[in-house]
$ cat upload-v6.txt   # compact mmCIF, C-alpha atoms
# COMPACT_ATOMS: atom_id res chain seq x y z
CA MET T 1 -125.09 260.89 53.37
CA LYS T 2 -127.39 262.10 56.13
CA VAL T 3 -130.74 260.35 56.31
CA ASN T 4 -133.75 262.15 57.81
CA PHE T 5 -136.46 260.19 59.57
CA HIS T 6 -139.69 262.09 60.17
CA TYR T 7 -143.30 261.13 60.62
CA GLN T 8 -145.27 262.33 57.64
CA LYS T 9 -148.69 263.91 57.37
CA GLY T 10 -148.90 263.73 53.61
CA HIS T 11 -150.15 266.34 51.16
CA LEU T 12 -153.77 265.93 50.09
CA TYR T 13 -154.77 267.09 46.60
CA GLU T 14 -157.51 266.54 43.98
CA ASP T 15 -156.76 265.85 40.33
CA HIS T 16 -159.02 264.77 37.49
CA ASP T 17 -161.97 264.12 39.80
CA ALA T 18 -159.94 261.95 42.14
CA TRP T 19 -158.26 262.41 45.52
CA TYR T 20 -154.56 261.65 46.11
CA VAL T 21 -152.15 261.92 48.99
CA GLN T 22 -148.52 262.73 48.27
CA TYR T 23 -145.76 261.54 50.63
CA ARG T 24 -142.04 260.74 50.65
CA GLN T 25 -140.59 257.27 50.20
CA ARG T 26 -137.01 256.04 49.90
CA ILE T 27 -136.67 254.07 46.67
CA SER T 28 -133.84 251.58 46.13
CA GLN T 29 -131.70 252.20 43.04
CA ALA T 30 -130.05 249.72 40.72
CA ASP T 31 -126.59 250.49 42.09
CA GLY T 32 -127.66 249.56 45.64
CA SER T 33 -128.13 253.11 46.87
CA SER T 34 -131.45 254.66 47.82
CA GLN T 35 -133.08 257.94 46.95
CA LEU T 36 -135.87 259.84 48.66
CA LYS T 37 -138.68 260.56 46.21
CA ARG T 38 -142.18 261.97 46.29
CA VAL T 39 -144.89 259.46 45.46
CA SER T 40 -148.66 259.69 45.38
CA LYS T 41 -151.34 257.32 46.60
CA TYR T 42 -154.76 257.17 44.95
CA LEU T 43 -157.49 257.43 47.62
CA GLY T 44 -160.65 257.27 45.47
CA ARG T 45 -162.89 259.11 43.06
CA SER T 46 -164.25 262.46 44.15
CA ASN T 47 -167.84 261.15 43.96
CA ASP T 48 -166.96 258.39 46.44
CA PHE T 49 -166.64 260.93 49.28
CA SER T 50 -169.58 262.93 50.57
CA ASN T 51 -167.43 265.67 52.12
CA ILE T 52 -163.82 266.70 52.73
CA PHE T 53 -163.82 265.18 56.22
CA GLU T 54 -164.18 261.68 54.79
CA VAL T 55 -161.23 262.40 52.50
CA GLU T 56 -159.16 263.52 55.51
CA GLN T 57 -160.03 260.32 57.39
CA CYS T 58 -158.90 258.23 54.43
CA ARG T 59 -155.66 260.19 54.16
CA GLU T 60 -154.93 259.84 57.89
CA SER T 61 -155.58 256.10 57.83
CA PHE T 62 -153.15 255.56 54.96
CA ILE T 63 -150.42 257.79 56.44
CA GLN T 64 -150.66 255.88 59.72
CA THR T 65 -149.98 252.73 57.73
CA VAL T 66 -146.95 254.35 56.12
CA ASN T 67 -145.55 255.55 59.44
CA ARG T 68 -146.38 252.71 61.81
CA ASP T 69 -146.86 249.49 59.89
CA ARG T 70 -143.34 249.41 58.44
CA LEU T 71 -144.40 249.88 54.85
CA SER T 72 -141.97 252.75 54.45
CA ALA T 73 -138.21 252.37 54.10
CA ASN T 74 -137.70 254.10 57.44
CA SER T 75 -139.51 251.42 59.40
CA ARG T 76 -137.11 248.77 58.14
CA ILE T 77 -133.93 250.75 58.82
CA THR T 78 -131.21 248.93 60.69
CA LEU T 79 -129.60 250.37 63.81
CA THR T 80 -126.27 250.63 61.99
CA ALA T 81 -127.77 252.57 59.09
CA PHE T 82 -129.56 254.95 61.44
CA VAL T 83 -126.50 255.64 63.61
CA GLU T 84 -124.12 256.22 60.71
CA GLY T 85 -126.64 257.97 58.48
CA ALA T 86 -128.43 260.15 61.02
CA TYR T 87 -127.14 260.07 64.57
CA LEU T 88 -123.40 260.63 64.08
CA PRO T 89 -123.93 263.45 61.55
CA TRP T 90 -126.30 265.06 64.07
CA THR T 91 -123.71 264.92 66.86
CA LYS T 92 -121.18 266.67 64.61
CA GLU T 93 -123.65 269.50 64.04
CA GLU T 94 -125.31 269.79 67.46
CA ARG T 95 -122.73 268.64 70.02
CA ARG T 96 -119.23 269.69 71.05
CA ALA T 97 -116.46 268.29 68.87
CA SER T 98 -114.98 266.28 71.75
CA THR T 99 -118.40 264.78 72.56
CA SER T 100 -119.07 263.87 68.93
CA LYS T 101 -115.65 262.24 68.59
CA GLY T 102 -116.13 260.29 71.82
CA HIS T 103 -119.51 258.90 70.72
CA GLU T 104 -118.08 257.93 67.34
CA LYS T 105 -115.18 256.05 68.97
CA ILE T 106 -117.53 254.16 71.31
CA TRP T 107 -119.77 253.20 68.38
CA ILE T 108 -116.87 251.97 66.25
CA ASN T 109 -114.88 250.24 69.00
CA TYR T 110 -117.66 248.54 70.95
CA LEU T 111 -121.08 248.60 69.28
CA ARG T 112 -121.04 248.55 65.49
CA ASN T 113 -119.80 244.99 65.02
CA ARG T 114 -122.28 243.64 67.59
CA VAL T 115 -125.60 244.98 66.31
CA GLY T 116 -125.35 243.32 62.89
CA GLU T 117 -128.51 243.72 60.84
CA LEU T 118 -130.73 244.31 63.86
CA ARG T 119 -133.47 246.74 62.94
CA LEU T 120 -133.88 249.93 64.92
CA ARG T 121 -137.51 249.31 65.87
CA GLU T 122 -136.84 245.70 66.84
CA PHE T 123 -134.15 246.55 69.38
CA ARG T 124 -135.09 245.46 72.93
CA THR T 125 -133.73 245.86 76.43
CA VAL T 126 -132.45 242.29 76.40
CA ASP T 127 -130.35 243.07 73.29
CA ALA T 128 -128.59 245.93 75.06
CA SER T 129 -128.12 243.86 78.22
CA ARG T 130 -126.54 240.94 76.37
CA MET T 131 -124.36 243.35 74.44
CA LEU T 132 -122.97 244.99 77.59
CA ARG T 133 -122.33 241.62 79.25
CA ALA T 134 -120.44 240.38 76.19
CA ILE T 135 -118.37 243.56 75.99
CA ALA T 136 -117.51 243.40 79.69
CA LYS T 137 -116.45 239.77 79.40
CA GLU T 138 -114.33 240.14 76.27
CA ARG T 139 -112.72 243.52 76.92
CA ASP T 140 -112.36 243.50 80.72
CA LEU T 141 -113.72 247.04 80.93
CA THR T 142 -114.48 248.96 84.09
CA LYS T 143 -118.00 249.78 85.21
CA THR T 144 -117.39 253.43 84.35
CA THR T 145 -116.54 252.60 80.72
CA LEU T 146 -119.56 250.31 80.46
CA GLN T 147 -121.71 253.11 81.80
CA HIS T 148 -120.36 255.39 79.05
CA ILE T 149 -121.24 252.76 76.41
CA LYS T 150 -124.73 252.44 77.85
CA SER T 151 -125.12 256.22 77.85
CA VAL T 152 -124.20 256.51 74.17
CA LEU T 153 -126.61 253.72 73.21
CA SER T 154 -129.36 255.37 75.24
CA THR T 155 -128.72 258.73 73.57
CA ILE T 156 -129.04 257.07 70.16
CA PHE T 157 -132.58 255.91 70.96
CA THR T 158 -133.49 259.22 72.57
CA PHE T 159 -132.53 260.92 69.32
CA ALA T 160 -134.45 258.29 67.32
CA LYS T 161 -137.59 258.98 69.37
CA ASN T 162 -137.27 262.71 68.86
CA ASP T 163 -136.68 262.26 65.15
CA GLY T 164 -139.68 259.98 64.65
CA ALA T 165 -137.73 256.83 63.82
CA PHE T 166 -138.57 254.95 67.03
CA ASP T 167 -141.68 254.64 69.22
CA GLY T 168 -142.17 253.51 72.78
CA ALA T 169 -139.92 253.57 75.81
CA ASN T 170 -136.18 253.82 75.44
CA PRO T 171 -135.02 250.16 75.50
CA VAL T 172 -131.66 251.03 77.08
CA ASP T 173 -133.03 252.75 80.20
CA GLY T 174 -133.55 249.53 82.13
CA VAL T 175 -130.22 247.89 81.26
CA LEU T 176 -128.08 246.86 84.23
CA ILE T 177 -124.31 247.19 84.33
CA PRO T 178 -122.79 243.70 84.94
CA TRP T 179 -122.17 243.37 88.68
CA ASP T 180 -118.91 241.46 88.21
CA ALA T 181 -117.35 244.07 85.91
CA ARG T 182 -114.06 245.54 87.05
CA GLU T 183 -114.24 248.46 89.44
CA PRO T 184 -112.78 251.74 88.15
CA GLY T 185 -109.41 252.90 89.41
CA GLU T 186 -109.09 255.61 92.03
CA THR T 187 -108.78 259.18 90.77
CA HIS T 188 -106.08 261.38 92.25
CA ALA T 189 -105.51 264.95 93.36
CA TYR T 190 -102.35 266.94 94.08
CA ASP T 191 -102.17 268.52 97.52
CA LEU T 192 -100.72 271.97 98.09
CA SER T 193 -97.27 270.80 99.15
CA GLN T 194 -96.94 268.67 95.99
CA VAL T 195 -97.93 271.62 93.80
CA LEU T 196 -95.29 273.82 95.43
CA GLN T 197 -92.67 271.11 94.87
CA MET T 198 -93.55 271.03 91.17
CA LEU T 199 -93.38 274.80 90.79
CA ASP T 200 -89.90 274.81 92.36
CA ARG T 201 -88.60 272.21 89.89
CA LEU T 202 -90.29 272.97 86.54
CA PRO T 203 -87.69 274.23 84.04
CA LEU T 204 -89.63 276.63 81.79
CA LEU T 205 -91.62 279.65 82.93
CA VAL T 206 -94.45 278.95 80.49
CA ILE T 207 -94.91 275.43 81.91
CA LYS T 208 -94.66 276.74 85.47
CA SER T 209 -97.37 279.31 84.70
CA LEU T 210 -99.54 276.65 83.05
CA VAL T 211 -99.30 274.36 86.09
CA ALA T 212 -99.90 277.23 88.53
CA THR T 213 -103.05 278.30 86.66
CA ALA T 214 -104.37 274.74 86.63
CA ALA T 215 -103.61 274.24 90.34
CA PHE T 216 -104.64 277.64 91.77
CA ALA T 217 -107.54 278.53 89.43
CA GLY T 218 -108.84 275.04 88.59
CA LEU T 219 -109.22 275.53 84.83
CA ARG T 220 -109.94 272.55 82.62
CA LEU T 221 -107.39 271.59 79.98
CA GLY T 222 -109.39 273.08 77.11
CA GLU T 223 -109.96 276.27 79.10
CA LEU T 224 -106.23 276.59 79.74
CA ARG T 225 -105.54 276.33 76.02
CA GLY T 226 -108.29 278.83 75.21
CA LEU T 227 -107.22 281.45 77.75
CA GLU T 228 -106.27 284.83 76.26
CA TRP T 229 -104.61 287.87 77.81
CA THR T 230 -107.80 289.88 77.38
CA ASP T 231 -109.47 287.43 79.81
CA TYR T 232 -107.02 288.34 82.60
CA THR T 233 -107.62 291.45 84.72
CA GLY T 234 -104.95 290.85 87.35
CA THR T 235 -107.44 289.72 89.98
CA GLU T 236 -109.60 287.27 88.04
CA LEU T 237 -109.75 285.14 84.91
CA ALA T 238 -112.82 285.24 82.65
CA ILE T 239 -113.57 281.85 81.06
CA ASN T 240 -114.85 282.61 77.56
CA ARG T 241 -113.72 279.68 75.42
CA SER T 242 -112.37 276.14 75.39
CA ILE T 243 -110.12 274.63 72.71
CA TRP T 244 -110.19 270.91 71.93
CA ARG T 245 -107.44 270.07 69.43
CA SER T 246 -107.96 272.88 66.91
CA VAL T 247 -111.69 273.38 67.55
CA VAL T 248 -112.74 276.45 69.53
CA ASN T 249 -115.89 275.93 71.62
CA PRO T 250 -117.75 277.96 74.21
CA PRO T 251 -117.23 276.76 77.81
CA LYS T 252 -118.77 273.42 78.73
CA THR T 253 -121.84 274.72 80.60
CA ARG T 254 -123.42 278.02 81.57
CA ALA T 255 -121.86 277.74 85.03
CA SER T 256 -118.45 277.19 83.40
CA ARG T 257 -118.63 280.67 81.84
CA ASN T 258 -118.15 282.36 85.22
CA SER T 259 -114.89 284.04 86.16
CA VAL T 260 -112.49 282.66 88.78
CA PRO T 261 -110.43 284.65 91.31
CA VAL T 262 -106.66 284.92 90.97
CA ILE T 263 -104.71 284.67 94.23
CA PRO T 264 -101.53 286.78 94.63
CA ALA T 265 -99.27 283.73 94.30
CA LEU T 266 -100.72 282.99 90.85
CA ALA T 267 -100.74 286.67 89.85
CA GLU T 268 -97.02 286.88 90.65
CA ILE T 269 -96.19 283.88 88.43
CA LEU T 270 -98.40 285.11 85.56
CA GLY T 271 -96.88 288.60 85.82
CA GLU T 272 -93.35 287.23 85.59
CA TYR T 273 -94.30 285.06 82.61
CA ARG T 274 -96.04 287.96 80.86
CA ARG T 275 -92.97 290.19 81.19
CA SER T 276 -90.77 287.41 79.82
CA VAL T 277 -92.79 287.29 76.57
CA GLY T 278 -92.89 291.07 76.03
CA ASN T 279 -96.04 292.12 77.96
CA PRO T 280 -98.59 291.15 75.27
CA GLU T 281 -102.09 292.65 75.44
CA THR T 282 -103.82 290.11 73.21
CA GLY T 283 -103.39 286.56 72.00
CA VAL T 284 -103.42 283.21 73.74
CA VAL T 285 -101.69 283.10 77.12
CA PHE T 286 -100.00 279.72 76.83
CA HIS T 287 -98.22 279.00 73.55
CA SER T 288 -94.98 277.45 72.37
CA GLY T 289 -93.64 280.50 70.57
CA ASN T 290 -95.76 280.21 67.42
CA ARG T 291 -98.74 282.03 68.98
CA LEU T 292 -100.84 278.88 68.69
CA PRO T 293 -102.34 277.22 71.80
CA ILE T 294 -99.82 275.01 73.56
CA ASN T 295 -100.14 271.24 73.28
CA ALA T 296 -100.57 270.63 76.99
CA ASP T 297 -100.85 266.84 76.66
CA LYS T 298 -97.44 266.69 75.00
CA VAL T 299 -95.99 269.00 77.66
CA GLY T 300 -97.30 266.70 80.36
CA ARG T 301 -95.81 263.57 78.79
CA ARG T 302 -92.43 264.98 77.75
CA VAL T 303 -91.61 267.59 80.39
CA ILE T 304 -93.72 267.38 83.51
CA ARG T 305 -93.61 263.61 83.87
CA SER T 306 -89.80 263.50 83.81
CA THR T 307 -89.56 266.45 86.22
CA LEU T 308 -91.88 264.79 88.71
CA LYS T 309 -90.01 261.52 88.43
CA ALA T 310 -86.92 263.25 89.80
CA ILE T 311 -88.82 264.19 92.98
CA ARG T 312 -90.68 260.87 93.14
CA LEU T 313 -94.10 262.26 92.32
CA PRO T 314 -96.37 260.45 89.84
CA TRP T 315 -97.97 262.29 86.93
CA TYR T 316 -101.77 261.91 87.23
CA GLY T 317 -102.71 264.24 84.37
CA TRP T 318 -104.04 267.78 84.23
CA HIS T 319 -107.36 267.04 85.89
CA ALA T 320 -105.54 266.09 89.11
CA PHE T 321 -104.83 269.81 89.59
CA ARG T 322 -108.55 270.61 89.37
CA ARG T 323 -109.39 267.89 91.88
CA GLY T 324 -106.50 269.12 94.01
CA LEU T 325 -107.91 272.65 94.15
CA ALA T 326 -111.27 271.31 95.32
CA SER T 327 -109.63 269.07 97.91
CA ASN T 328 -107.26 271.75 99.22
CA LEU T 329 -110.07 274.28 99.62
CA TYR T 330 -112.26 271.74 101.39
CA ALA T 331 -109.42 270.73 103.74
CA MET T 332 -108.99 274.40 104.66
CA GLY T 333 -112.65 274.61 105.69
CA ALA T 334 -114.29 276.04 102.55
CA PRO T 335 -117.99 275.02 102.31
CA ASP T 336 -119.10 272.70 99.50
CA LYS T 337 -121.02 275.53 97.80
CA VAL T 338 -117.94 277.76 97.68
CA VAL T 339 -115.82 274.95 96.18
CA GLN T 340 -118.55 274.31 93.60
CA ARG T 341 -118.59 277.99 92.63
CA ILE T 342 -114.81 278.18 92.18
CA LEU T 343 -114.76 275.02 90.05
CA ARG T 344 -117.85 276.30 88.18
CA HIS T 345 -119.87 273.10 88.38
CA SER T 346 -123.58 273.19 87.58
CA LYS T 347 -124.48 270.76 90.37
CA PRO T 348 -122.94 270.55 93.86
CA HIS T 349 -123.00 266.75 94.04
CA VAL T 350 -120.52 266.57 91.14
CA THR T 351 -118.01 268.58 93.17
CA LYS T 352 -118.57 266.58 96.34
CA GLU T 353 -118.62 263.09 94.85
CA HIS T 354 -116.00 263.33 92.10
CA TYR T 355 -113.60 266.15 92.95
CA ILE T 356 -113.13 266.50 96.69
CA LYS T 357 -110.52 264.02 97.92
CA VAL T 358 -109.39 263.42 101.50
CA PHE T 359 -105.61 263.59 101.75
CA ASP T 360 -103.67 261.23 104.05
CA ARG T 361 -102.47 264.09 106.23
CA THR T 362 -106.07 265.23 106.68
CA MET T 363 -107.04 261.80 107.98
CA VAL T 364 -104.05 261.77 110.35
CA GLU T 365 -104.99 265.20 111.68
CA ALA T 366 -108.58 264.06 112.16
CA VAL T 367 -107.66 260.99 114.24
CA GLU T 368 -105.15 263.07 116.21
CA ARG T 369 -107.94 265.49 117.08
CA MET T 370 -110.07 262.52 118.15
CA GLN T 371 -107.21 261.25 120.36
CA ALA T 372 -106.90 264.70 121.94
CA GLN T 373 -110.64 264.71 122.64
CA ILE T 374 -110.39 261.27 124.25
CA GLU T 375 -107.59 262.49 126.53
CA GLU T 376 -109.57 265.58 127.42
CA LEU T 377 -112.60 263.49 128.36
CA ARG T 378 -110.45 261.13 130.43
CA LYS T 379 -108.97 264.10 132.30
CA ALA T 380 -112.43 265.50 132.96
CA LYS T 381 -113.57 262.11 134.25
CA GLY T 382 -110.56 261.96 136.61
CA ASP T 383 -111.39 265.42 137.94
CA ARG T 384 -114.95 264.32 138.67
CA GLN T 385 -113.73 261.23 140.50
CA GLN T 386 -111.43 263.33 142.67
CA LEU T 387 -114.36 265.60 143.41
CA GLU T 388 -116.49 262.66 144.50
CA LEU T 389 -113.72 261.37 146.79
CA ARG T 390 -113.89 264.61 148.71
CA PHE T 391 -117.45 263.71 149.67
CA ASP T 392 -116.55 260.13 150.54
CA ASP T 393 -113.80 260.91 153.11
CA GLY T 394 -115.48 258.92 155.89
CA GLN T 395 -117.27 261.81 157.68
CA PRO T 396 -120.91 261.29 158.73
CA ALA T 397 -123.72 263.15 157.06
CA THR T 398 -125.24 266.37 158.44
CA ALA T 399 -128.74 267.60 159.02
CA ALA T 400 -130.24 269.97 156.54
CA SER T 401 -130.13 272.84 158.98
CA GLU T 402 -126.39 272.37 159.41
CA CYS T 403 -125.53 272.27 155.72
CA SER T 404 -123.07 274.97 154.70
CA THR T 405 -120.72 275.68 151.84
CA ALA T 406 -117.17 276.82 151.70
CA ASN T 407 -114.98 277.25 148.67
CA GLY T 408 -117.92 276.17 146.52
CA PHE T 409 -118.29 272.69 148.19
CA PRO T 410 -120.87 271.62 150.83
CA HIS T 411 -119.62 270.59 154.29
CA ARG T 412 -121.42 268.34 156.77
CA SER T 413 -121.71 268.38 160.55
CA THR T 414 -120.80 265.38 162.68
CA VAL T 415 -124.26 265.44 164.31
CA ARG T 416 -126.39 262.54 163.05
CA PRO T 417 -130.09 263.39 162.50
CA ALA T 418 -132.88 261.53 164.22
CA ASP T 419 -134.77 258.80 162.40
CA GLY T 420 -137.20 260.20 159.88
CA GLN T 421 -135.77 263.70 159.97
CA GLN T 422 -135.93 265.44 156.61
CA ILE T 423 -132.42 266.56 155.77
CA PHE T 424 -132.70 267.55 152.11
CA SER T 425 -135.64 269.91 151.96
CA SER T 426 -133.59 273.02 152.55
CA CYS T 427 -130.18 271.84 151.34
CA VAL T 428 -130.05 274.16 148.33
CA GLY T 429 -127.15 273.73 145.92
CA ILE T 430 -126.41 270.04 146.68
CA ASP T 431 -126.68 267.79 143.63
CA VAL T 432 -128.61 264.50 143.45
CA ARG T 433 -125.51 262.29 143.77
CA THR T 434 -124.49 263.99 147.04
CA ARG T 435 -128.04 263.64 148.37
CA TYR T 436 -127.96 259.94 147.55
CA ARG T 437 -124.77 259.42 149.56
CA ILE T 438 -126.25 261.28 152.54
CA TRP T 439 -129.34 259.04 152.36
CA ARG T 440 -127.14 255.93 152.31
CA ARG T 441 -125.47 257.14 155.53
CA GLY T 442 -128.80 257.21 157.28
CA GLY T 443 -130.54 260.36 156.13
CA ASP T 444 -133.80 260.76 154.23
CA SER T 445 -135.44 257.50 153.20
CA ASN T 446 -136.27 258.99 149.80
CA PRO T 447 -133.18 260.35 148.04
CA ARG T 448 -135.36 262.19 145.52

$ encode --input "upload-v6.txt" --output "structure tokens"
Amino acid sequence: MKVNFHYQKGHLYEDHDAWYVQYRQRISQADGSSQLKRVSKYLGRSNDFSNIFEVEQCRESFIQTVNRDRLSANSRITLTAFVEGAYLPWTKEERRASTSKGHEKIWINYLRNRVGELRLREFRTVDASRMLRAIAKERDLTKTTLQHIKSVLSTIFTFAKNDGAFDGANPVDGVLIPWDAREPGETHAYDLSQVLQMLDRLPLLVIKSLVATAAFAGLRLGELRGLEWTDYTGTELAINRSIWRSVVNPPKTRASRNSVPVIPALAEILGEYRRSVGNPETGVVFHSGNRLPINADKVGRRVIRSTLKAIRLPWYGWHAFRRGLASNLYAMGAPDKVVQRILRHSKPHVTKEHYIKVFDRTMVEAVERMQAQIEELRKAKGDRQQLELRFDDGQPATAASECSTANGFPHRSTVRPADGQQIFSSCVGIDVRTRYRIWRRGGDSNPR
């Protein structure tokens, strides 16, 4: 049963020369259940109030007591009762089915047995902190999973604040993830050569088309299952729906509703697959013959994994194709903003921090380019040294009036200038280093 928690204003009315305020209160029943009923509170005789404003002040004072001083049933509600009576039903109505199911699993698996009879309004930051530390110690969870648990708990109190069941700051906001919790594993992405290897070995055309669409268009798993032939124009795919299990949802975000381009390599595979199933104009694109969306998870476990094992490639799951698209585009020089647009992320930092991976061959190419730059700089340095040796061939310096150039290099006369003679004032085109050497051989006392 869904339980609503709202601050009340109360209904003021006059009856038999007396003022009353009517409000709602949950009354316990003999069988242990509770029922929300309307009750009235006597405020005083009509003659006791000089005007309606005094009656309103009396009503407001009493209703504040009902709402804030825990005299109502709502103020004594436990966290467990609130989550299972209000929060989880709300997620089923207001959130995506996959999100609602995920929050329910986290509540059941990690939180419900730890909160006990702790009341909602008595929950503090220290309670959440101790809870996370205990979970991390007993379950050996990664920091990412602990962050998900913290996020669900925080969302529960955000909902409670908005629904009037909790006041004050969210007690979960300041909770720290245990520093010694296990670090999450590395996520993976398939590079272009690995994708081409898969496409050459996959046995069924429908699976080959499914993998090609995931790798070359970057669709999420639910979007792949929700794709229909009416969404395909030959040059782009319109993303209009996502299917989780048997639940059809709109795309994840507004940015996810954008279309994605179809490269010729993907168009060729989709065209071949479409002809093989009779050139349909409507219906889901990827199905197992019964016109229902294909179970891609089962395909991955039973077909793709064994195929990749034969070519010594691990199966990282469907999302590795989406990360692979981002990483391949980035390695080819595509700007972050372009990669974000193709993957249809709302925020660019999500693409950059969680999807773009640096492949091993990219790192090798980068250090090889650095080595080539080092060799180029060394060669340039050797050329400069040879140039300097041409000025240090043992010939004496020349006077300024006898400076000349040939083949782009200055030449010096064998006549030594007199002491104090200025030899640089008119030597145009000679650099500072050459002037310094001339000064060292007995020229100008000031090389500058």

$ closest_residue --input "upload-v6.txt" --among "T:Arg341, T:Pro293, T:Gln385, T:Asp231" --to "Glu281 (chain T)" --atoms "all atoms listed in the file"
T:Asp231

$ closest_residue --input "upload-v6.txt" --among "T:Arg121, T:His319, T:Lys9, T:Arg275" --to "Gly168 (chain T)" --atoms "all atoms listed in the file"
T:Arg121

$ closest_residue --input "upload-v6.txt" --among "T:Arg38, T:Arg59, T:Lys92, T:Lys309" --to "Arg201 (chain T)" --atoms "all atoms listed in the file"
T:Lys309

$ closest_residue --input "upload-v6.txt" --among "T:Leu237, T:Ile342, T:Val39, T:Leu266" --to "Lys208 (chain T)" --atoms "all atoms listed in the file"
T:Leu266

$ residues_around --input "upload-v6.txt" --residues "region 171-179 of chain T" --least-positions-apart "2" --cutoff "7 Å" --atoms "only C-alpha atoms" --output "PyMOL selection string"
chain T and resi 124-125+128-129+133+143+146-147+153-154+169+181

$ closest_residue --input "upload-v6.txt" --among "T:Ala215, T:Thr142, T:Phe286, T:Gln197" --to "Glu183 (chain T)" --atoms "only C-alpha atoms"
T:Thr142

$ atom_distance --input "upload-v6.txt" --atom1 "CA of Ala165 (chain T)" --atom2 "CA of Leu120 (chain T)"
8.0 Å

$ closest_residue --input "upload-v6.txt" --among "T:Ile63, T:Gly44, T:Ala217, T:Leu205" --to "Gly10 (chain T)" --atoms "all atoms listed in the file"
T:Ile63

$ residues_around --input "upload-v6.txt" --residues "Ala326 (chain T)" --least-positions-apart "4" --cutoff "12 Å" --atoms "all atoms listed in the file" --output "short mmCIF file (atom, residue, chain, number, x, y, z; two decimals) with C-alpha atoms, in the frame of the given file"
data_model
loop_
_atom_site.label_atom_id
_atom_site.label_comp_id
_atom_site.auth_asym_id
_atom_site.auth_seq_id
_atom_site.Cartn_x
_atom_site.Cartn_y
_atom_site.Cartn_z
CA HIS T 188 -106.08 261.38 92.25
CA ALA T 189 -105.51 264.95 93.36
CA TYR T 190 -102.35 266.94 94.08
CA ASP T 191 -102.17 268.52 97.52
CA LEU T 192 -100.72 271.97 98.09
CA ALA T 214 -104.37 274.74 86.63
CA ALA T 215 -103.61 274.24 90.34
CA PHE T 216 -104.64 277.64 91.77
CA ALA T 217 -107.54 278.53 89.43
CA GLY T 218 -108.84 275.04 88.59
CA LEU T 219 -109.22 275.53 84.83
CA HIS T 319 -107.36 267.04 85.89
CA ALA T 320 -105.54 266.09 89.11
CA PHE T 321 -104.83 269.81 89.59
CA ARG T 322 -108.55 270.61 89.37
CA TYR T 330 -112.26 271.74 101.39
CA ALA T 331 -109.42 270.73 103.74
CA MET T 332 -108.99 274.40 104.66
CA GLY T 333 -112.65 274.61 105.69
CA ALA T 334 -114.29 276.04 102.55
CA PRO T 335 -117.99 275.02 102.31
CA ASP T 336 -119.10 272.70 99.50
CA LYS T 337 -121.02 275.53 97.80
CA VAL T 338 -117.94 277.76 97.68
CA VAL T 339 -115.82 274.95 96.18
CA GLN T 340 -118.55 274.31 93.60
CA ARG T 341 -118.59 277.99 92.63
CA ILE T 342 -114.81 278.18 92.18
CA LEU T 343 -114.76 275.02 90.05
CA ARG T 344 -117.85 276.30 88.18
CA HIS T 345 -119.87 273.10 88.38
CA PRO T 348 -122.94 270.55 93.86
CA VAL T 350 -120.52 266.57 91.14
CA THR T 351 -118.01 268.58 93.17
CA LYS T 352 -118.57 266.58 96.34
CA GLU T 353 -118.62 263.09 94.85
CA HIS T 354 -116.00 263.33 92.10
CA TYR T 355 -113.60 266.15 92.95
CA ILE T 356 -113.13 266.50 96.69
CA LYS T 357 -110.52 264.02 97.92
CA VAL T 358 -109.39 263.42 101.50
CA PHE T 359 -105.61 263.59 101.75
#

$ residues_around --input "upload-v6.txt" --residues "Ser193 (chain T)" --least-positions-apart "6" --cutoff "12 Å" --atoms "all atoms listed in the file" --output "list in words"
Leu199, Asp200, Ala215, Leu313, Gly324, Leu325, Asn328, Phe359 and Arg361 of chain T

$ residues_around --input "upload-v6.txt" --residues "Glu138 (chain T)" --least-positions-apart "6" --cutoff "12 Å" --atoms "all atoms listed in the file" --output "PyMOL selection string"
chain T and resi 110+131-132+181

$ residues_near_point --input "upload-v6.txt" --point "(-120.1, 268.4, 69.8)" --cutoff "12 Å" --atoms "all atoms listed in the file" --output "PyMOL selection string"
chain T and resi 88-104+244+247-252

$ atom_distance --input "upload-v6.txt" --atom1 "CA of Trp229 (chain T)" --atom2 "CA of Tyr316 (chain T)"
27.8 Å

$ residues_around --input "upload-v6.txt" --residues "Pro280 (chain T)" --least-positions-apart "6" --cutoff "12 Å" --atoms "all atoms listed in the file" --output "PyMOL selection string"
chain T and resi 228-230+232+270-271+273-274+286+291

$ atom_distance --input "upload-v6.txt" --atom1 "CA of Asp127 (chain T)" --atom2 "CA of Thr144 (chain T)"
19.9 Å

$ axis_aligned_box --input "upload-v6.txt" --around "region 326-330 of chain T" --padding-each-side "5 Å" --output "JSON"
{"center_x": -109.8, "center_y": 271.7, "center_z": 98.4, "size_x": 15.0, "size_y": 15.2, "size_z": 16.1}

$ decode --input "upload-v6.txt" --residues "region 102-106 of chain T" --atoms "N, CA and C atoms" --output "compact mmCIF listing (two decimals), in the first residue's frame"
# COMPACT_ATOMS: atom_id res chain seq x y z
N GLY T 102 16.71 -1.31 -10.31
CA GLY T 102 18.04 -1.18 -9.72
C GLY T 102 18.00 -0.65 -8.30
N HIS T 103 17.16 0.36 -8.04
CA HIS T 103 17.04 0.92 -6.69
C HIS T 103 16.44 -0.10 -5.73
N GLU T 104 15.46 -0.86 -6.22
CA GLU T 104 14.85 -1.88 -5.37
C GLU T 104 15.86 -2.96 -4.99
N LYS T 105 16.70 -3.38 -5.93
CA LYS T 105 17.71 -4.40 -5.64
C LYS T 105 18.73 -3.88 -4.64
N ILE T 106 19.17 -2.64 -4.78
CA ILE T 106 20.13 -2.08 -3.83
C ILE T 106 19.52 -1.99 -2.44
